[in-house]
Structures are given as C-alpha cells and as structure tokens.
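S.K.: First the structure, then my questions, so here it is.
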Amino acid sequence: MDRTCEEKPTEHKSDEEDSDSTEVPSRIRDTPEDIILEAAANGLAFHPARDLLAAGDVDGDVFVFSYSCHEGQNKELWSSGHHLKSCRAVVFSEDGQKLVTVSKDKAIHVLDVEQGRLERRISKAHGAPINSLLLVDKNVLATGDDTGGIRLWDQRKEGPLMDMRQHEEYIADMALDPDKKLLLTASGDGCLGVFNIKRRRFELLSEPQSGDLTSVTIMKCGRKVACGSSEGTMYLFNWNGFGATSDRFALRAESIDCMVPVTDSLLCTGSTDGIIRAVNILPNRVVGSVGQHAGEPVEELALSHCGSFLASSGHDQRLKFWDMAQLQSVVVDDYRRRKKKGGPLKALSSKAWSTDDFFAGLREEEEKREDDSD
C-alpha cells in the first residue's frame, strides 16, 4: 500500500530504465481521488496508523477503503451490511485492529479491520436510535442516542458501565479531556453537558444556547471548549466554566454541522451550504475555505493520522480529500490585515474555490439545467 502520509519520494529514472520499461507510471496527485458511494455517508474515520478510511452510510452499509495519491489506486477493501438501518458513526480502536459502528437500529457492532468480520453485536444497546460514538480508551466506548441518553461501555463486560439521561434532545457529538475524566456532550436541546466518567456521575448542563449544539471539541491546550450550532454560531466555553459561554461569533454559514480540530487554534467546520471553512479560535476568525461539496450539505469531517489530509462526506455521495499543507502555514495576524469585511472566503487548498467561485459555479450549473430543460 502506498503510504500517502509519508513524504513523496522524488522519482529518478536512468535512460536505461526508461527504454526498458513499457509501463506508464500512475500520476501522483496532491490528494487522493474522490471515492463515490451509492448512498451518503454519516460516519467517517481514518485509521490511527495506516492509510485506511472507514465510512458508514444511510443504508446501513460500512466500508473500509485504502487510499493513495497515486491515481487509480484507491481500493475498497471490504464492506459490511450488518446494520438494519442508517449507520451514524464509525471509529477505529486505538490499535487499529477493530472498527466500531453504531446505527439507527440501536445496535453497536465491532468488526475486524482486516476481513470486515462481525466479532460482536450489542443489539438494543439503547432504547432509542444511537446517534454518536466516542472512543474513550482501548476497552471503553461512549454512546449517545436520539433522546439524550448517554451510556458507557467496557467491551470486556456485558451491559453498560454508566447510563444517564440529562439532555432533553439528541446527543449530536461528544469530546473527552486528555485525562479521560470528563465527557463533554453537545445536544439538540442547545446545552453543553459535562459527565465525570471516572466517578460515573453527572456534573452539569450549560445554559441553553440558541439553536441545536451540533458539535464539540477542546481547543487552546485544554483551556477552551468550542461548540458549533445549527444556526452557524460558534460558542466558546472556558474550561471549568461550563455553565455559560465566554464568547460567541457567527461564521456567516447556514449551520455548523460538524467540525474537527487541525491545530490547537485552528479547526475545520462543515455546513449545509456545502462549504468547509477553516476557523481560528482566539482571535476568532474565519480564515478561508478548505473545500466544498457544491450545492450539497457536508455531513462529516475527519483528519488523517498524519494530519496531511482532511476527508469530508456530503449528500453528493462522495468522500473527498483536502490538502492541509497550506492551512497549517496560515498566519492569522497577516490574514486579518488583508481581510475585507464581508468579502469572499480565501481558498486554502488547490481544490478549494473562493466563495465567489463557489456561488458562480452553482449559478452556472443552474443555468445549464435551465438551458437543457428548454
């Protein structure tokens, strides 16, 4: 398998090798090619050490792909159709040997990564459809359901270690502090939840925000917690100040449906407007556009084990890869002086459009459809 996360070797061939070789080498791209699915993917996860990408779709199917920057080298390694309803989240184990999936069918599945064999099924793991999944350590998982229930599971034991229901709406996302003590939950009731999983107890809920909280991540060396919302606003909380927000700012996006941290200050967000934005935390600034699913909502984001690629899934049934090199070199202070208020987003990868290009492309596509209908 080509190690796309390693530095690409410079290709040198002698004249003798050129004359003897009849095979045309595959073109090396900046990012792997798009992977096209038969249904939109809700769950997306990179392997912790290998160039593998797992996806779970709305039909309940789970796929594992190997990916490469060599053109034509992406491969589907296996697929599983054990879930009866939509697969909503996937995660690899710490050692990368297992893949855990959860579904609207209320089940948790544990699959072998090499063969895709179903090794364990927890049927009716929740009383409601499961919506979110988080790996705590090599043995423990956290799951959240559509009615606000949180459960903690030790894969070596039967039954949940912890079962709590403090939220009034679905659990959209979860995050864990580095000490693996506090579990943070973002919910459709607009509240950030805090659970002490070491002591198996509920700590508190924040005051409700406007709109659903759709995503949560820890930033700034653990000093800040960032939450995305269905109204396109980013809410910030101080660590140990979870009751009320310390700051908030609007992204000029229709929503923030998913997000993933890239550095300690930068994160990427996905929106129903199809744009993947790079956002800096403190100073709070939308840095630019990393990529897009033209005219289709972005469902999920994941960062590769080497940090070189961002993967996104959209309602266009595509898994796309985006180069993170330019984003990691962005200097926010310089950008802030150049930025004009209300102007288009800057393109931060070779495949990203500026927002002017993005909406122009949509207009052209709409005009083309109108001409075809005439």
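A note on labels: chains of the structure tokens are A, B, ... as shown, every chain counts residues from 1, and ligands are counted from 1 in their shown order.
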Write out as a VMD selection string which residues come within 12 Å of region 157-168 of chain A when counting only C-alpha atoms, dropping same-chain ones fewer than 6 positions away.
M.R.: chain A and resid 108 120 to 128 139 to 151 183 to 208 212 to 213
S.K.: Once you have the residues from the selection above, write them out as a short mmCIF file (atom, residue, chain, number, x, y, z; two decimals), in the first residue's frame, restricted to N, CA and C atoms.
M.R.:
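selection.cif, freshly written:
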data_model
loop_
_atom_site.label_atom_id
_atom_site.label_comp_id
_atom_site.auth_asym_id
_atom_site.auth_seq_id
_atom_site.Cartn_x
_atom_site.Cartn_y
_atom_site.Cartn_z
N ILE A 108 -24.73 -1.71 18.46
CA ILE A 108 -23.30 -1.44 18.38
C ILE A 108 -22.65 -2.67 17.76
N ARG A 120 -18.60 -8.80 17.29
CA ARG A 120 -19.53 -8.65 18.42
C ARG A 120 -20.67 -7.74 18.02
N ARG A 121 -21.85 -8.09 18.45
CA ARG A 121 -23.02 -7.25 18.23
C ARG A 121 -23.72 -7.04 19.57
N ILE A 122 -23.96 -5.76 19.92
CA ILE A 122 -24.79 -5.44 21.09
C ILE A 122 -26.11 -4.93 20.54
N SER A 123 -27.10 -5.82 20.46
CA SER A 123 -28.42 -5.43 19.97
C SER A 123 -29.16 -4.65 21.05
N LYS A 124 -29.96 -3.70 20.64
CA LYS A 124 -30.72 -2.87 21.57
C LYS A 124 -29.82 -2.28 22.67
N ALA A 125 -28.67 -1.75 22.23
CA ALA A 125 -27.74 -1.14 23.18
C ALA A 125 -28.35 0.09 23.83
N HIS A 126 -29.26 0.75 23.14
CA HIS A 126 -30.03 1.88 23.67
C HIS A 126 -31.50 1.61 23.39
N GLY A 127 -32.35 2.33 24.11
CA GLY A 127 -33.78 2.23 23.85
C GLY A 127 -34.23 3.10 22.71
N ALA A 128 -33.33 3.93 22.20
CA ALA A 128 -33.61 4.83 21.08
C ALA A 128 -32.46 4.72 20.08
N ASN A 139 -10.53 -0.14 25.66
CA ASN A 139 -11.63 -1.02 26.03
C ASN A 139 -12.99 -0.33 26.16
N VAL A 140 -12.99 0.98 26.41
CA VAL A 140 -14.21 1.68 26.79
C VAL A 140 -14.71 2.59 25.67
N LEU A 141 -16.03 2.59 25.45
CA LEU A 141 -16.70 3.42 24.46
C LEU A 141 -17.81 4.22 25.13
N ALA A 142 -18.10 5.39 24.57
CA ALA A 142 -19.26 6.18 24.98
C ALA A 142 -20.20 6.29 23.80
N THR A 143 -21.50 6.19 24.06
CA THR A 143 -22.52 6.32 23.01
C THR A 143 -23.62 7.26 23.48
N GLY A 144 -24.21 7.98 22.53
CA GLY A 144 -25.32 8.89 22.84
C GLY A 144 -26.46 8.66 21.87
N ASP A 145 -27.71 8.79 22.33
CA ASP A 145 -28.84 8.44 21.49
C ASP A 145 -29.73 9.64 21.16
N ASP A 146 -30.80 9.37 20.44
CA ASP A 146 -31.70 10.41 19.92
C ASP A 146 -32.55 11.07 21.00
N THR A 147 -32.64 10.47 22.17
CA THR A 147 -33.46 11.05 23.24
C THR A 147 -32.63 11.64 24.37
N GLY A 148 -31.32 11.78 24.16
CA GLY A 148 -30.44 12.40 25.15
C GLY A 148 -29.76 11.44 26.09
N GLY A 149 -29.89 10.14 25.86
CA GLY A 149 -29.26 9.15 26.72
C GLY A 149 -27.77 9.00 26.44
N ILE A 150 -26.98 8.83 27.51
CA ILE A 150 -25.53 8.60 27.42
C ILE A 150 -25.21 7.27 28.08
N ARG A 151 -24.46 6.43 27.40
CA ARG A 151 -24.04 5.16 28.00
C ARG A 151 -22.55 4.95 27.79
N LEU A 183 -16.41 13.78 30.20
CA LEU A 183 -17.04 13.61 28.89
C LEU A 183 -17.93 14.82 28.64
N LEU A 184 -17.70 15.50 27.51
CA LEU A 184 -18.49 16.67 27.13
C LEU A 184 -19.44 16.27 26.01
N THR A 185 -20.69 16.73 26.11
CA THR A 185 -21.71 16.36 25.13
C THR A 185 -22.38 17.60 24.55
N ALA A 186 -22.59 17.60 23.25
CA ALA A 186 -23.35 18.65 22.56
C ALA A 186 -24.70 18.07 22.17
N SER A 187 -25.77 18.79 22.49
CA SER A 187 -27.10 18.22 22.32
C SER A 187 -28.03 19.13 21.53
N GLY A 188 -29.06 18.53 20.98
CA GLY A 188 -30.08 19.27 20.26
C GLY A 188 -30.92 20.17 21.15
N ASP A 189 -30.79 20.02 22.48
CA ASP A 189 -31.50 20.92 23.38
C ASP A 189 -30.77 22.24 23.59
N GLY A 190 -29.61 22.40 22.89
CA GLY A 190 -28.86 23.65 22.98
C GLY A 190 -27.90 23.72 24.15
N CYS A 191 -27.75 22.62 24.90
CA CYS A 191 -26.90 22.63 26.10
C CYS A 191 -25.63 21.82 25.89
N LEU A 192 -24.56 22.27 26.54
CA LEU A 192 -23.33 21.50 26.69
C LEU A 192 -23.43 20.71 27.99
N GLY A 193 -23.24 19.40 27.90
CA GLY A 193 -23.31 18.55 29.09
C GLY A 193 -21.92 18.14 29.55
N VAL A 194 -21.76 17.97 30.86
CA VAL A 194 -20.48 17.56 31.45
C VAL A 194 -20.75 16.35 32.35
N PHE A 195 -20.04 15.24 32.04
CA PHE A 195 -20.20 14.00 32.80
C PHE A 195 -18.83 13.53 33.28
N ASN A 196 -18.72 13.19 34.56
CA ASN A 196 -17.50 12.64 35.12
C ASN A 196 -17.56 11.13 34.96
N ILE A 197 -16.85 10.61 33.95
CA ILE A 197 -16.97 9.18 33.65
C ILE A 197 -16.10 8.32 34.56
N LYS A 198 -15.13 8.93 35.24
CA LYS A 198 -14.34 8.16 36.21
C LYS A 198 -15.16 7.86 37.46
N ARG A 199 -15.95 8.85 37.87
CA ARG A 199 -16.80 8.65 39.06
C ARG A 199 -18.23 8.26 38.70
N ARG A 200 -18.49 8.14 37.36
CA ARG A 200 -19.80 7.73 36.87
C ARG A 200 -20.91 8.64 37.39
N ARG A 201 -20.71 9.94 37.23
CA ARG A 201 -21.73 10.86 37.71
C ARG A 201 -21.90 12.04 36.77
N PHE A 202 -23.08 12.62 36.81
CA PHE A 202 -23.39 13.82 36.05
C PHE A 202 -22.89 15.05 36.80
N GLU A 203 -22.29 16.01 36.04
CA GLU A 203 -21.77 17.22 36.66
C GLU A 203 -22.72 18.40 36.45
N LEU A 204 -22.95 18.78 35.19
CA LEU A 204 -23.82 19.94 34.94
C LEU A 204 -24.20 20.04 33.47
N LEU A 205 -25.23 20.86 33.23
CA LEU A 205 -25.59 21.31 31.89
C LEU A 205 -25.39 22.81 31.82
N SER A 206 -24.92 23.28 30.68
CA SER A 206 -24.79 24.72 30.47
C SER A 206 -26.17 25.33 30.28
N GLU A 207 -26.22 26.65 30.32
CA GLU A 207 -27.46 27.32 29.94
C GLU A 207 -27.71 27.04 28.47
N PRO A 208 -28.97 26.93 28.05
CA PRO A 208 -29.26 26.60 26.64
C PRO A 208 -28.88 27.75 25.70
N ASP A 212 -29.69 24.19 18.03
CA ASP A 212 -29.08 22.94 18.48
C ASP A 212 -27.57 23.10 18.56
N LEU A 213 -26.94 22.48 19.56
CA LEU A 213 -25.49 22.32 19.56
C LEU A 213 -25.18 21.04 18.79
#
S.K.: Using only C-alpha atoms, I'd like a table of the residues in region 227-280 of chain A that come within 12 Å of region 299-303 of chain A; for each, show the closest atom pair and its distance in Å rounded to one decimal, ordered by chain and ascending number, as a tab-separated table.
M.R.:
residue	atom	partner	partner_atom	distance
A:Ser255	CA	A:Glu299	CA	11.4
A:Ile256	CA	A:Glu299	CA	10.0
A:Asp257	CA	A:Glu299	CA	6.9
A:Cys258	CA	A:Glu300	CA	5.8
A:Met259	CA	A:Leu301	CA	6.4
A:Val260	CA	A:Leu301	CA	6.4
A:Pro261	CA	A:Leu303	CA	8.1
A:Val262	CA	A:Leu303	CA	7.4
A:Thr263	CA	A:Leu303	CA	10.8
A:Leu267	CA	A:Leu303	CA	10.3
A:Cys268	CA	A:Leu301	CA	8.1
A:Thr269	CA	A:Leu301	CA	7.8
A:Gly270	CA	A:Glu299	CA	7.0
A:Ser271	CA	A:Glu299	CA	7.8
A:Thr272	CA	A:Glu299	CA	8.0
A:Asp273	CA	A:Glu299	CA	10.8
A:Gly274	CA	A:Glu299	CA	9.1
A:Ile275	CA	A:Glu299	CA	10.9
A:Ile276	CA	A:Leu301	CA	9.0
A:Arg277	CA	A:Leu301	CA	11.2
S.K.: Give the helix (DSSP H, G or I) residues of region 1-189 of chain A, as assigned by DSSP on the backbone, as a PyMOL selection string.
M.R.: chain A and resi 15-20
S.K.: Excluding Asn74 (chain A) and residues on its chain fewer than 2 positions from it, collect all residues at most 9 Å away from it, counting only C-alpha atoms, and give them as a PyMOL selection string.
M.R.: chain A and resi 32-35+65-72+76
S.K.: Write a file of the selected residues as a CSV table (one decimal), in the first residue's frame, keeping all heavy atoms.
M.R.:
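See result10.csv below for the written result:
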chain,number,residue,atom,x,y,z
A,32,PRO,N,-5.7,12.2,-2.6
A,32,PRO,CA,-6.3,11.0,-3.2
A,32,PRO,C,-7.6,11.4,-4.0
A,32,PRO,O,-8.2,12.5,-3.7
A,32,PRO,CB,-6.7,10.1,-2.0
A,32,PRO,CG,-5.7,10.5,-0.9
A,32,PRO,CD,-5.5,12.0,-1.1
A,33,GLU,N,-8.0,10.6,-5.0
A,33,GLU,CA,-9.2,10.9,-5.7
A,33,GLU,C,-10.4,10.7,-4.9
A,33,GLU,O,-10.4,10.1,-3.8
A,33,GLU,CB,-9.3,9.9,-6.9
A,33,GLU,CG,-8.1,10.1,-7.9
A,33,GLU,CD,-8.2,9.0,-9.0
A,33,GLU,OE1,-7.7,7.9,-8.8
A,33,GLU,OE2,-8.8,9.3,-10.1
A,34,ASP,N,-11.5,11.4,-5.3
A,34,ASP,CA,-12.8,11.2,-4.6
A,34,ASP,C,-13.2,9.7,-4.7
A,34,ASP,O,-12.9,9.0,-5.6
A,34,ASP,CB,-13.9,12.0,-5.3
A,34,ASP,CG,-13.7,13.5,-5.2
A,34,ASP,OD1,-12.7,13.9,-4.5
A,34,ASP,OD2,-14.5,14.2,-5.8
A,35,ILE,N,-13.9,9.3,-3.6
A,35,ILE,CA,-14.5,8.0,-3.5
A,35,ILE,C,-16.0,8.2,-3.7
A,35,ILE,O,-16.6,8.9,-2.9
A,35,ILE,CB,-14.1,7.3,-2.2
A,35,ILE,CG1,-12.6,7.0,-2.1
A,35,ILE,CG2,-14.9,5.9,-2.1
A,35,ILE,CD1,-12.1,6.5,-0.8
A,65,PHE,N,-11.8,1.6,3.0
A,65,PHE,CA,-11.0,1.8,1.7
A,65,PHE,C,-9.6,2.1,2.1
A,65,PHE,O,-9.2,2.7,3.1
A,65,PHE,CB,-11.5,3.1,1.0
A,65,PHE,CG,-13.0,3.0,0.6
A,65,PHE,CD1,-14.0,3.6,1.4
A,65,PHE,CD2,-13.4,2.5,-0.6
A,65,PHE,CE1,-15.3,3.5,1.1
A,65,PHE,CE2,-14.7,2.5,-1.0
A,65,PHE,CZ,-15.7,3.0,-0.2
A,66,SER,N,-8.7,1.6,1.2
A,66,SER,CA,-7.3,2.1,1.2
A,66,SER,C,-7.2,3.3,0.3
A,66,SER,O,-7.9,3.3,-0.8
A,66,SER,CB,-6.3,1.0,0.8
A,66,SER,OG,-6.5,0.6,-0.5
A,67,TYR,N,-6.4,4.3,0.6
A,67,TYR,CA,-6.4,5.5,-0.3
A,67,TYR,C,-4.9,5.8,-0.6
A,67,TYR,O,-4.0,5.4,0.2
A,67,TYR,CB,-7.0,6.7,0.4
A,67,TYR,CG,-6.4,7.1,1.7
A,67,TYR,CD1,-5.4,8.0,1.8
A,67,TYR,CD2,-6.9,6.6,2.9
A,67,TYR,CE1,-4.8,8.4,3.0
A,67,TYR,CE2,-6.4,7.0,4.1
A,67,TYR,CZ,-5.3,7.9,4.2
A,67,TYR,OH,-4.8,8.2,5.4
A,68,SER,N,-4.7,6.4,-1.7
A,68,SER,CA,-3.4,6.7,-2.2
A,68,SER,C,-3.4,8.0,-3.1
A,68,SER,O,-4.4,8.2,-3.7
A,68,SER,CB,-2.8,5.5,-3.0
A,68,SER,OG,-1.6,5.9,-3.6
A,69,CYS,N,-2.3,8.7,-3.1
A,69,CYS,CA,-2.2,9.8,-4.0
A,69,CYS,C,-1.8,9.4,-5.4
A,69,CYS,O,-1.9,10.2,-6.4
A,69,CYS,CB,-1.1,10.8,-3.5
A,69,CYS,SG,-1.7,11.8,-2.1
A,70,HIS,N,-1.5,8.1,-5.6
A,70,HIS,CA,-1.3,7.6,-7.0
A,70,HIS,C,-2.7,7.4,-7.6
A,70,HIS,O,-3.5,6.7,-7.1
A,70,HIS,CB,-0.6,6.3,-6.9
A,70,HIS,CG,0.9,6.4,-6.6
A,70,HIS,ND1,1.9,6.5,-7.5
A,70,HIS,CD2,1.5,6.5,-5.4
A,70,HIS,CE1,3.1,6.6,-6.9
A,70,HIS,NE2,2.9,6.6,-5.6
A,71,GLU,N,-2.8,8.0,-8.8
A,71,GLU,CA,-4.1,8.0,-9.5
A,71,GLU,C,-4.6,6.6,-9.8
A,71,GLU,O,-3.8,5.7,-10.2
A,71,GLU,CB,-4.0,8.8,-10.8
A,71,GLU,CG,-5.3,9.2,-11.4
A,71,GLU,CD,-5.1,10.2,-12.5
A,71,GLU,OE1,-4.8,9.9,-13.6
A,71,GLU,OE2,-5.3,11.4,-12.2
A,72,GLY,N,-5.8,6.3,-9.4
A,72,GLY,CA,-6.4,5.0,-9.7
A,72,GLY,C,-6.1,3.9,-8.6
A,72,GLY,O,-6.4,2.8,-8.8
A,76,GLU,N,-11.5,-0.3,-2.5
A,76,GLU,CA,-12.5,-0.8,-1.4
A,76,GLU,C,-12.0,-2.2,-1.0
A,76,GLU,O,-11.9,-3.1,-1.7
A,76,GLU,CB,-13.9,-1.0,-2.0
A,76,GLU,CG,-14.9,-1.5,-1.0
A,76,GLU,CD,-16.2,-1.7,-1.5
A,76,GLU,OE1,-16.7,-0.9,-2.4
A,76,GLU,OE2,-16.8,-2.8,-1.1
S.K.: Looking at A:Leu182, A:Met324, A:Leu282, A:Val64, which one is nearest to Gly307 (chain A), with distances taken over only C-alpha atoms?
M.R.: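 Checking each of A:Leu182, A:Met324, A:Leu282, A:Val64 against Gly307 (chain A), counting only C-alpha atoms, the winner is A:Met324.
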S.K.: Please identify every residue of region 112-185 of chain A that has at least one atom no farther than 10 Å from an atom of region 39-53 of chain A, counting only C-alpha atoms, and for each give the shortest atom pair and the distance in Å to one decimal, arranged by chain then increasing number, as a tab-separated table.
M.R.:
residue	atom	partner	partner_atom	distance
A:Val113	CA	A:His47	CA	9.5
A:Asn131	CA	A:Asn42	CA	9.8
A:Ser132	CA	A:Gly43	CA	9.3
A:Leu133	CA	A:Gly43	CA	9.7
S.K.: Mind dumping the selected residues with N, CA and C atoms as an mmCIF file, in the first residue's frame?
M.R.:
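The result, written out as again.cif:
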data_model
loop_
_atom_site.group_PDB
_atom_site.id
_atom_site.type_symbol
_atom_site.label_atom_id
_atom_site.label_comp_id
_atom_site.auth_asym_id
_atom_site.auth_seq_id
_atom_site.Cartn_x
_atom_site.Cartn_y
_atom_site.Cartn_z
ATOM 1 N N VAL A 113 -10.879 -5.308 11.334
ATOM 2 C CA VAL A 113 -10.476 -4.387 10.278
ATOM 3 C C VAL A 113 -9.919 -5.112 9.058
ATOM 4 N N ASN A 131 -26.899 7.921 18.001
ATOM 5 C CA ASN A 131 -26.509 8.996 17.085
ATOM 6 C C ASN A 131 -25.033 9.337 17.146
ATOM 7 N N SER A 132 -24.352 9.070 18.268
ATOM 8 C CA SER A 132 -22.949 9.476 18.397
ATOM 9 C C SER A 132 -22.141 8.403 19.103
ATOM 10 N N LEU A 133 -20.835 8.431 18.854
ATOM 11 C CA LEU A 133 -19.915 7.399 19.338
ATOM 12 C C LEU A 133 -18.565 8.027 19.610
#
S.K.: So the first atom is CA of Leu310 (chain A) and the second is CA of Trp322 (chain A); what is the distance between them in Å, to one decimal place?
M.R.: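 So the answer is 5.0 Å.
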S.K.: Give me the residues near region 102-105 of chain A as a PDB file with C-alpha atoms, in the first residue's frame, where near means some atom within 7 Å (using only C-alpha atoms) and where sequence neighbours in that chain fewer than 3 positions away do not count.
M.R.:
ATOM      1  CA  HIS A  83     -26.805  -2.847  10.275  1.00  0.00           C
ATOM      2  CA  LEU A  84     -30.531  -2.819   9.537  1.00  0.00           C
ATOM      3  CA  LYS A  85     -30.783   0.976   9.386  1.00  0.00           C
ATOM      4  CA  SER A  86     -28.551   4.018   8.819  1.00  0.00           C
ATOM      5  CA  CYS A  87     -25.002   3.743  10.193  1.00  0.00           C
ATOM      6  CA  ARG A  88     -24.444   7.024  12.027  1.00  0.00           C
ATOM      7  CA  ALA A  89     -20.863   6.831  13.340  1.00  0.00           C
ATOM      8  CA  VAL A  90     -17.700   4.746  12.963  1.00  0.00           C
ATOM      9  CA  ILE A 108     -23.301  -1.440  18.380  1.00  0.00           C
ATOM     10  CA  HIS A 109     -21.128  -3.576  16.097  1.00  0.00           C
ATOM     11  CA  PRO A 129     -31.552   5.143  17.856  1.00  0.00           C
ATOM     12  CA  ILE A 130     -27.853   5.765  18.557  1.00  0.00           C
ATOM     13  CA  ASN A 131     -26.509   8.996  17.085  1.00  0.00           C
TER      14      ASN A 131
END
S.K.: Just give me the gap between CA of Lys106 (chain A) and CA of His315 (chain A) in Å, one decimal is fine.
M.R.: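 So the answer is 22.9 Å.
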